[in-house]
$ cat entry00.cif   # mmCIF, C-alpha atoms
data_coords
#
loop_
_atom_site.label_atom_id
_atom_site.label_comp_id
_atom_site.auth_asym_id
_atom_site.auth_seq_id
_atom_site.Cartn_x
_atom_site.Cartn_y
_atom_site.Cartn_z
CA MET C 1 8.80 40.00 -15.40
CA THR C 2 10.22 43.44 -16.30
CA SER C 3 11.29 43.35 -19.89
CA PRO C 4 12.46 45.88 -22.43
CA HIS C 5 10.05 46.46 -25.28
CA LEU C 6 11.18 44.63 -28.43
CA LYS C 7 10.51 47.14 -31.19
CA ARG C 8 11.12 44.98 -34.24
CA LEU C 9 13.21 42.25 -35.73
CA HIS C 10 15.95 44.62 -36.82
CA HIS C 11 18.20 42.37 -38.89
CA ILE C 12 19.07 38.78 -39.74
CA ASP C 13 22.55 37.80 -40.84
CA PHE C 14 23.31 34.94 -43.20
CA VAL C 15 26.88 33.84 -43.82
CA VAL C 16 27.85 33.20 -47.42
CA ARG C 17 31.06 32.19 -49.17
CA ASP C 18 30.73 34.45 -52.20
CA LEU C 19 29.02 37.72 -51.32
CA ALA C 20 28.80 39.13 -54.83
CA ALA C 21 27.21 35.97 -56.26
CA ALA C 22 24.86 35.53 -53.30
CA ALA C 23 23.72 39.15 -53.52
CA VAL C 24 22.77 38.72 -57.17
CA ARG C 25 20.84 35.54 -56.40
CA PHE C 26 18.96 37.04 -53.45
CA GLY C 27 18.20 40.12 -55.54
CA ARG C 28 16.67 37.93 -58.24
CA VAL C 29 14.41 36.16 -55.74
CA LEU C 30 13.47 39.28 -53.76
CA GLY C 31 13.04 41.37 -56.89
CA MET C 32 15.39 44.08 -55.65
CA GLU C 33 18.75 45.50 -56.54
CA PRO C 34 21.30 44.51 -53.90
CA GLY C 35 22.52 47.31 -51.64
CA PRO C 36 26.14 48.47 -51.90
CA ARG C 37 28.92 46.24 -50.60
CA GLU C 38 29.90 47.46 -47.12
CA SER C 39 32.85 46.55 -44.91
CA LEU C 40 32.91 46.12 -41.15
CA GLU C 41 36.63 46.04 -40.43
CA SER C 42 36.23 45.35 -36.71
CA ARG C 43 34.61 41.99 -37.52
CA GLY C 44 36.55 41.16 -40.66
CA VAL C 45 33.47 40.97 -42.86
CA ASP C 46 31.94 42.46 -45.97
CA LEU C 47 28.17 42.60 -46.24
CA VAL C 48 25.23 43.45 -48.49
CA ARG C 49 21.82 44.42 -47.13
CA PHE C 50 18.28 44.01 -48.44
CA ARG C 51 15.29 45.62 -46.79
CA VAL C 52 12.01 43.74 -46.28
CA GLY C 53 9.41 45.67 -44.29
CA GLU C 54 11.05 46.83 -41.08
CA THR C 55 13.86 44.23 -41.22
CA TRP C 56 17.30 44.15 -42.82
CA LEU C 57 18.30 40.87 -44.44
CA ILE C 58 22.08 40.88 -44.44
CA LEU C 59 24.48 38.65 -46.36
CA VAL C 60 27.88 38.46 -44.68
CA GLN C 61 31.16 37.14 -46.03
CA PRO C 62 34.28 36.91 -43.86
CA THR C 63 37.33 38.61 -45.33
CA ARG C 64 40.03 37.62 -42.83
CA SER C 65 41.14 34.30 -41.38
CA ASP C 66 40.73 35.66 -37.81
CA SER C 67 37.14 36.82 -38.37
CA PRO C 68 34.67 35.10 -36.01
CA VAL C 69 32.47 34.68 -39.07
CA MET C 70 35.24 32.76 -40.86
CA GLU C 71 35.31 30.33 -37.97
CA PHE C 72 31.55 29.87 -38.32
CA LEU C 73 31.82 29.36 -42.08
CA GLU C 74 34.53 26.73 -41.72
CA ARG C 75 32.63 24.86 -39.02
CA HIS C 76 29.05 25.08 -40.27
CA GLY C 77 29.19 26.19 -43.90
CA GLU C 78 26.86 28.84 -45.25
CA GLY C 79 23.76 29.62 -43.24
CA PHE C 80 21.87 31.57 -40.60
CA PHE C 81 24.23 33.41 -38.25
CA HIS C 82 21.99 35.40 -35.90
CA MET C 83 19.02 37.74 -35.67
CA ALA C 84 18.80 41.02 -33.80
CA VAL C 85 15.82 42.47 -31.95
CA GLU C 86 15.73 46.23 -31.56
CA VAL C 87 15.42 47.74 -28.09
CA ASP C 88 15.47 51.38 -26.97
CA ASP C 89 18.51 51.00 -24.73
CA VAL C 90 20.75 48.01 -25.32
CA GLU C 91 22.61 48.31 -22.01
CA SER C 92 19.47 48.38 -19.91
CA ALA C 93 18.03 45.50 -21.95
CA ALA C 94 21.24 43.56 -21.31
CA SER C 95 20.93 44.28 -17.58
CA ALA C 96 17.36 42.97 -17.55
CA LEU C 97 18.49 39.76 -19.25
CA ARG C 98 21.42 39.27 -16.86
CA ALA C 99 19.03 39.84 -13.94
CA ARG C 100 16.99 36.84 -14.99
CA GLY C 101 20.04 34.68 -15.54
CA VAL C 102 20.46 34.91 -19.30
CA ARG C 103 24.10 34.60 -20.35
CA LEU C 104 25.47 37.27 -22.73
CA VAL C 105 28.61 37.05 -24.87
CA ASN C 106 29.66 40.70 -24.53
CA GLN C 107 28.63 42.93 -21.62
CA THR C 108 29.26 46.22 -23.35
CA PRO C 109 28.01 46.90 -26.87
CA ARG C 110 30.15 46.31 -29.91
CA ARG C 111 29.51 48.31 -33.07
CA GLY C 112 27.86 47.15 -36.26
CA VAL C 113 27.45 49.08 -39.48
CA GLU C 114 26.03 52.60 -39.06
CA GLY C 115 27.06 52.58 -35.41
CA TRP C 116 24.51 49.93 -34.36
CA LYS C 117 25.14 49.03 -30.70
CA LEU C 118 25.05 45.24 -30.38
CA ILE C 119 25.10 42.75 -27.52
CA ASP C 120 25.07 39.03 -28.29
CA VAL C 121 23.01 36.59 -26.26
CA ALA C 122 24.89 33.31 -25.70
CA ALA C 123 23.86 30.80 -28.34
CA GLU C 124 22.81 28.13 -25.82
CA GLU C 125 20.10 30.43 -24.44
CA THR C 126 17.89 30.02 -27.53
CA PRO C 127 17.92 26.46 -28.91
CA GLY C 128 17.91 26.46 -32.71
CA ALA C 129 18.61 30.16 -33.11
CA VAL C 130 21.02 32.89 -32.00
CA LEU C 131 19.74 36.23 -30.73
CA GLN C 132 21.28 39.65 -30.45
CA LEU C 133 20.09 42.93 -28.92
CA ALA C 134 20.43 46.04 -31.08
CA GLU C 135 20.10 49.74 -30.34
CA VAL C 136 20.09 51.89 -33.47
CA GLU C 137 19.59 55.50 -34.46
CA PRO C 138 16.12 56.31 -35.82
CA GLU C 139 16.11 55.81 -39.60
CA MET T 140 12.06 43.82 -63.34
CA THR T 141 8.40 43.44 -62.36
CA SER T 142 8.25 42.26 -58.80
CA PRO T 143 5.56 41.77 -56.22
CA HIS T 144 5.76 44.13 -53.29
CA LEU T 145 7.27 42.40 -50.24
CA LYS T 146 5.16 43.66 -47.35
CA ARG T 147 7.13 42.34 -44.41
CA LEU T 148 9.18 39.49 -43.09
CA HIS T 149 6.15 37.51 -41.99
CA HIS T 150 7.71 34.62 -40.07
CA ILE T 151 10.92 32.72 -39.39
CA ASP T 152 10.87 29.06 -38.43
CA PHE T 153 13.46 27.41 -36.21
CA VAL T 154 13.48 23.65 -35.74
CA VAL T 155 13.91 22.40 -32.18
CA ARG T 156 13.99 18.96 -30.57
CA ASP T 157 12.02 19.82 -27.45
CA LEU T 158 9.38 22.44 -28.15
CA ALA T 159 8.19 22.93 -24.59
CA ALA T 160 11.70 23.47 -23.25
CA ALA T 161 12.74 25.70 -26.14
CA ALA T 162 9.60 27.84 -25.76
CA VAL T 163 10.39 28.48 -22.10
CA ARG T 164 13.96 29.43 -22.92
CA PHE T 165 13.00 31.78 -25.77
CA GLY T 166 10.35 33.31 -23.52
CA ARG T 167 12.95 34.04 -20.89
CA VAL T 168 15.23 35.78 -23.38
CA LEU T 169 12.46 37.66 -25.20
CA GLY T 170 10.70 38.55 -21.97
CA MET T 171 7.38 37.13 -23.19
CA GLU T 172 5.06 34.32 -22.34
CA PRO T 173 5.19 31.68 -25.10
CA GLY T 174 2.09 31.43 -27.26
CA PRO T 175 -0.06 28.28 -27.07
CA ARG T 176 1.23 25.03 -28.53
CA GLU T 177 -0.32 24.57 -31.99
CA SER T 178 -0.36 21.57 -34.33
CA LEU T 179 -0.08 21.54 -38.10
CA GLU T 180 -1.10 17.99 -38.93
CA SER T 181 -0.44 18.32 -42.67
CA ARG T 182 3.27 18.86 -41.94
CA GLY T 183 3.58 16.64 -38.89
CA VAL T 184 4.73 19.46 -36.61
CA ASP T 185 3.84 21.23 -33.40
CA LEU T 186 4.80 24.86 -33.01
CA VAL T 187 4.91 27.82 -30.65
CA ARG T 188 4.94 31.42 -31.86
CA PHE T 189 6.40 34.64 -30.48
CA ARG T 190 5.68 38.03 -31.97
CA VAL T 191 8.41 40.65 -32.46
CA GLY T 192 7.27 43.77 -34.31
CA GLU T 193 5.57 42.67 -37.52
CA THR T 194 7.25 39.22 -37.54
CA TRP T 195 6.38 35.84 -36.05
CA LEU T 196 9.29 33.88 -34.60
CA ILE T 197 8.17 30.25 -34.71
CA LEU T 198 9.65 27.24 -32.95
CA VAL T 199 8.80 24.00 -34.72
CA GLN T 200 9.15 20.43 -33.51
CA PRO T 201 8.41 17.47 -35.79
CA THR T 202 5.94 14.99 -34.35
CA ARG T 203 6.05 12.21 -36.96
CA SER T 204 8.85 10.24 -38.57
CA ASP T 205 7.57 11.17 -42.06
CA SER T 206 7.51 14.91 -41.37
CA PRO T 207 9.79 16.87 -43.72
CA VAL T 208 10.91 18.74 -40.62
CA MET T 209 12.01 15.45 -38.98
CA GLU T 210 14.22 14.80 -41.97
CA PHE T 211 15.75 18.25 -41.53
CA LEU T 212 16.28 17.70 -37.80
CA GLU T 213 18.01 14.37 -38.34
CA ARG T 214 20.25 15.74 -41.06
CA HIS T 215 21.11 19.19 -39.69
CA GLY T 216 20.14 19.23 -36.03
CA GLU T 217 18.30 22.17 -34.52
CA GLY T 218 18.39 25.45 -36.40
CA PHE T 219 17.02 27.92 -38.90
CA PHE T 220 14.51 26.28 -41.25
CA HIS T 221 13.18 29.09 -43.45
CA MET T 222 11.80 32.62 -43.49
CA ALA T 223 8.67 33.85 -45.23
CA VAL T 224 8.10 37.18 -46.94
CA GLU T 225 4.51 38.38 -47.18
CA VAL T 226 3.06 39.25 -50.57
CA ASP T 227 -0.46 40.30 -51.55
CA ASP T 228 -1.05 37.38 -53.89
CA VAL T 229 1.18 34.34 -53.49
CA GLU T 230 0.26 32.77 -56.82
CA SER T 231 1.02 35.88 -58.84
CA ALA T 232 4.26 36.35 -56.88
CA ALA T 233 5.17 32.75 -57.68
CA SER T 234 4.47 33.39 -61.37
CA ALA T 235 6.74 36.42 -61.35
CA LEU T 236 9.53 34.35 -59.81
CA ARG T 237 9.08 31.51 -62.30
CA ALA T 238 9.15 34.06 -65.13
CA ARG T 239 12.65 35.12 -64.13
CA GLY T 240 13.85 31.53 -63.77
CA VAL T 241 13.60 31.06 -60.00
CA ARG T 242 12.86 27.44 -59.06
CA LEU T 243 10.00 26.82 -56.62
CA VAL T 244 9.37 23.67 -54.58
CA ASN T 245 5.56 23.75 -54.81
CA GLN T 246 3.65 25.48 -57.61
CA THR T 247 0.36 25.77 -55.76
CA PRO T 248 0.18 27.01 -52.18
CA ARG T 249 0.23 24.69 -49.22
CA ARG T 250 -1.42 25.75 -45.99
CA GLY T 251 0.24 26.87 -42.79
CA VAL T 252 -1.39 27.70 -39.48
CA GLU T 253 -4.35 30.09 -39.72
CA GLY T 254 -4.73 29.25 -43.40
CA TRP T 255 -1.50 30.95 -44.47
CA LYS T 256 -0.91 30.23 -48.18
CA LEU T 257 2.72 29.23 -48.66
CA ILE T 258 5.00 28.58 -51.62
CA ASP T 259 8.59 27.50 -50.99
CA VAL T 260 11.46 28.84 -53.05
CA ALA T 261 14.03 26.11 -53.79
CA ALA T 262 16.82 26.27 -51.23
CA GLU T 263 19.59 26.58 -53.82
CA GLU T 264 18.16 29.91 -55.04
CA THR T 265 19.28 31.79 -51.91
CA PRO T 266 22.72 30.67 -50.66
CA GLY T 267 22.83 30.52 -46.88
CA ALA T 268 19.08 30.91 -46.35
CA VAL T 269 15.73 29.43 -47.42
CA LEU T 270 12.88 31.69 -48.53
CA GLN T 271 9.16 31.22 -48.70
CA LEU T 272 6.33 33.36 -50.06
CA ALA T 273 3.32 33.86 -47.80
CA GLU T 274 -0.15 35.27 -48.37
CA VAL T 275 -2.12 35.79 -45.18
CA GLU T 276 -5.39 37.28 -44.01
CA PRO T 277 -5.09 40.77 -42.51
CA GLU T 278 -4.49 40.49 -38.76
#
$ encode --input "entry00.cif" --output "structure tokens"
Amino acid sequence: MTSPHLKRLHHIDFVVRDLAAAAVRFGRVLGMEPGPRESLESRGVDLVRFRVGETWLILVQPTRSDSPVMEFLERHGEGFFHMAVEVDDVESAASALRARGVRLVNQTPRRGVEGWKLIDVAAEETPGAVLQLAEVEPE
Amino acid sequence: MTSPHLKRLHHIDFVVRDLAAAAVRFGRVLGMEPGPRESLESRGVDLVRFRVGETWLILVQPTRSDSPVMEFLERHGEGFFHMAVEVDDVESAASALRARGVRLVNQTPRRGVEGWKLIDVAAEETPGAVLQLAEVEPE
């Protein structure tokens, strides 16, 4: 099976109702100051990141009624949203997944913070979790 | 704030109903063979691990009606269970958390696979997620 190398677990997103309060609480447990509040207008969310090892832990709060994250929050409440594995080339990784019959949500990358190129794997492909492919600039 | 160094995101557990089927599906998406099926009798679970970067992705299926994971599965369905951050010394990390008022589920470590020493942070401390402290032998 030809597969792209998975470099790391790049980030995990958790949806919260009150970003400022959640960031303070996570910071207390992790023993870190929360990162700055960031906005991702294209998704209608604000977010705060924490760094653990090679992985970003990201708290996400929807800021608009038409945000896909608002729909999640209303349906499921607060909780795990998805996790992203880093690959060298997200479009070739997506092609490899399509070639073995894995369904993807978007065929061309959408953009995350810092220009991250993201392709979502359909939720039903990974029971119990939701996976995303990410291509990012070297840090 | 005195805080233990968080070395890495050590593992993330996802609860599934059918471990064998879920392992095949994750393997197809990740482009990896699933690890062997393992049992953790003390928790009443079977599990399969995948490795991405420095992190274990773990699929967990309860095998007994009195497993705490069975209770989770019946209440919430399949999904994210918790994630563990690695520290050098789990008991001193737990002390540091208690000292700043963070509630823990167990005060002395319980054992995971491979003798991992684990202390659970109370779920209400981290809105949207559940955190655990882990001390492990060097790999």
$ residues_around --input "entry00.cif" --residues "Ala20 of chain C" --least-positions-apart "5" --cutoff "9 Å" --atoms "only C-alpha atoms" --output "list in words"
Arg25, Arg37 and Val48 of chain C
$ residues_around --input "entry00.cif" --residues "Ala123 of chain C" --least-positions-apart "5" --cutoff "10 Å" --atoms "all atoms listed in the file" --output "PyMOL selection string"
chain C and resi 82+103-105+128-132
$ residues_around --input "entry00.cif" --residues "segment 60-64 of chain C" --least-positions-apart "3" --cutoff "7 Å" --atoms "only C-alpha atoms" --output "MDAnalysis selection string"
chainID C and resid 13:19 44:48 67 69:70
$ resolve_selection --input "entry00.cif" --expression "the PyMOL selection byres ((chain T) within 7 of (chain C))" --output "list in words"
Met140, Ser142, Leu145, Lys146, Arg147, Leu148, Phe153, Val154, Val155, Ala161, Arg164, Phe165, Val168, Gly170, Val191, Gly192, Glu193, Thr194, Glu217, Gly218, Phe219, Leu236, Val241, Glu264, Thr265, Pro266, Gly267 and Ala268 of chain T
$ axis_aligned_box --input "entry00.cif" --around "segment 192-211 of chain T" --padding-each-side "3 Å" --output "JSON"
{"center_x": 10.7, "center_y": 27.0, "center_z": -38.3, "size_x": 16.2, "size_y": 39.5, "size_z": 16.8}
$ atom_distance --input "entry00.cif" --atom1 "atom CA of Pro173 of chain T" --atom2 "atom CA of Trp255 of chain T"
20.5 Å
$ atom_distance --input "entry00.cif" --atom1 "atom CA of Glu41 of chain C" --atom2 "atom CA of Arg75 of chain C"
21.6 Å
$ residues_near_point --input "entry00.cif" --point "(-2.2, 39.2, -54.5)" --cutoff "10 Å" --atoms "all atoms listed in the file" --output "count of residues only"
12
$ atom_distance --input "entry00.cif" --atom1 "atom CA of Ser95 of chain C" --atom2 "atom CA of Arg111 of chain C"
18.2 Å
$ build_atoms --input "entry00.cif" --residues "segment 4-24 of chain C" --atoms "N, CA and C atoms" --output "PDB file, in the coordinates of the input"
ATOM      1  N   PRO C   4      12.427  44.779 -21.468  1.00  0.00           N
ATOM      2  CA  PRO C   4      12.460  45.880 -22.430  1.00  0.00           C
ATOM      3  C   PRO C   4      11.501  45.578 -23.578  1.00  0.00           C
ATOM      4  N   HIS C   5      10.923  46.627 -24.117  1.00  0.00           N
ATOM      5  CA  HIS C   5      10.050  46.460 -25.280  1.00  0.00           C
ATOM      6  C   HIS C   5      10.903  46.080 -26.499  1.00  0.00           C
ATOM      7  N   LEU C   6      10.496  45.020 -27.200  1.00  0.00           N
ATOM      8  CA  LEU C   6      11.180  44.630 -28.430  1.00  0.00           C
ATOM      9  C   LEU C   6      10.476  45.328 -29.589  1.00  0.00           C
ATOM     10  N   LYS C   7      11.155  46.273 -30.215  1.00  0.00           N
ATOM     11  CA  LYS C   7      10.510  47.140 -31.190  1.00  0.00           C
ATOM     12  C   LYS C   7      10.276  46.452 -32.537  1.00  0.00           C
ATOM     13  N   ARG C   8      11.232  45.676 -32.946  1.00  0.00           N
ATOM     14  CA  ARG C   8      11.120  44.980 -34.240  1.00  0.00           C
ATOM     15  C   ARG C   8      12.238  43.975 -34.357  1.00  0.00           C
ATOM     16  N   LEU C   9      12.090  43.087 -35.318  1.00  0.00           N
ATOM     17  CA  LEU C   9      13.210  42.250 -35.730  1.00  0.00           C
ATOM     18  C   LEU C   9      14.060  43.141 -36.633  1.00  0.00           C
ATOM     19  N   HIS C  10      15.182  43.578 -36.127  1.00  0.00           N
ATOM     20  CA  HIS C  10      15.950  44.620 -36.820  1.00  0.00           C
ATOM     21  C   HIS C  10      16.761  44.063 -37.993  1.00  0.00           C
ATOM     22  N   HIS C  11      17.459  42.975 -37.775  1.00  0.00           N
ATOM     23  CA  HIS C  11      18.200  42.370 -38.890  1.00  0.00           C
ATOM     24  C   HIS C  11      18.432  40.893 -38.668  1.00  0.00           C
ATOM     25  N   ILE C  12      18.678  40.195 -39.772  1.00  0.00           N
ATOM     26  CA  ILE C  12      19.070  38.780 -39.740  1.00  0.00           C
ATOM     27  C   ILE C  12      20.301  38.654 -40.614  1.00  0.00           C
ATOM     28  N   ASP C  13      21.315  37.996 -40.087  1.00  0.00           N
ATOM     29  CA  ASP C  13      22.550  37.800 -40.840  1.00  0.00           C
ATOM     30  C   ASP C  13      22.654  36.369 -41.350  1.00  0.00           C
ATOM     31  N   PHE C  14      23.029  36.241 -42.602  1.00  0.00           N
ATOM     32  CA  PHE C  14      23.310  34.940 -43.200  1.00  0.00           C
ATOM     33  C   PHE C  14      24.737  34.954 -43.725  1.00  0.00           C
ATOM     34  N   VAL C  15      25.486  33.932 -43.383  1.00  0.00           N
ATOM     35  CA  VAL C  15      26.880  33.840 -43.820  1.00  0.00           C
ATOM     36  C   VAL C  15      26.931  33.166 -45.189  1.00  0.00           C
ATOM     37  N   VAL C  16      27.678  33.772 -46.078  1.00  0.00           N
ATOM     38  CA  VAL C  16      27.850  33.200 -47.420  1.00  0.00           C
ATOM     39  C   VAL C  16      29.334  33.181 -47.779  1.00  0.00           C
ATOM     40  N   ARG C  17      29.662  32.298 -48.735  1.00  0.00           N
ATOM     41  CA  ARG C  17      31.060  32.190 -49.170  1.00  0.00           C
ATOM     42  C   ARG C  17      31.421  33.261 -50.197  1.00  0.00           C
ATOM     43  N   ASP C  18      30.461  33.555 -51.075  1.00  0.00           N
ATOM     44  CA  ASP C  18      30.730  34.450 -52.200  1.00  0.00           C
ATOM     45  C   ASP C  18      29.662  35.535 -52.186  1.00  0.00           C
ATOM     46  N   LEU C  19      29.999  36.659 -51.565  1.00  0.00           N
ATOM     47  CA  LEU C  19      29.020  37.720 -51.320  1.00  0.00           C
ATOM     48  C   LEU C  19      28.433  38.271 -52.612  1.00  0.00           C
ATOM     49  N   ALA C  20      29.284  38.513 -53.590  1.00  0.00           N
ATOM     50  CA  ALA C  20      28.800  39.130 -54.830  1.00  0.00           C
ATOM     51  C   ALA C  20      27.790  38.209 -55.513  1.00  0.00           C
ATOM     52  N   ALA C  21      28.119  36.922 -55.592  1.00  0.00           N
ATOM     53  CA  ALA C  21      27.210  35.970 -56.260  1.00  0.00           C
ATOM     54  C   ALA C  21      25.929  35.804 -55.459  1.00  0.00           C
ATOM     55  N   ALA C  22      26.047  35.709 -54.134  1.00  0.00           N
ATOM     56  CA  ALA C  22      24.860  35.530 -53.300  1.00  0.00           C
ATOM     57  C   ALA C  22      23.940  36.745 -53.393  1.00  0.00           C
ATOM     58  N   ALA C  23      24.528  37.937 -53.447  1.00  0.00           N
ATOM     59  CA  ALA C  23      23.720  39.150 -53.520  1.00  0.00           C
ATOM     60  C   ALA C  23      22.898  39.185 -54.811  1.00  0.00           C
ATOM     61  N   VAL C  24      23.500  38.754 -55.894  1.00  0.00           N
ATOM     62  CA  VAL C  24      22.770  38.720 -57.170  1.00  0.00           C
ATOM     63  C   VAL C  24      21.623  37.719 -57.083  1.00  0.00           C
TER      64      VAL C  24
END
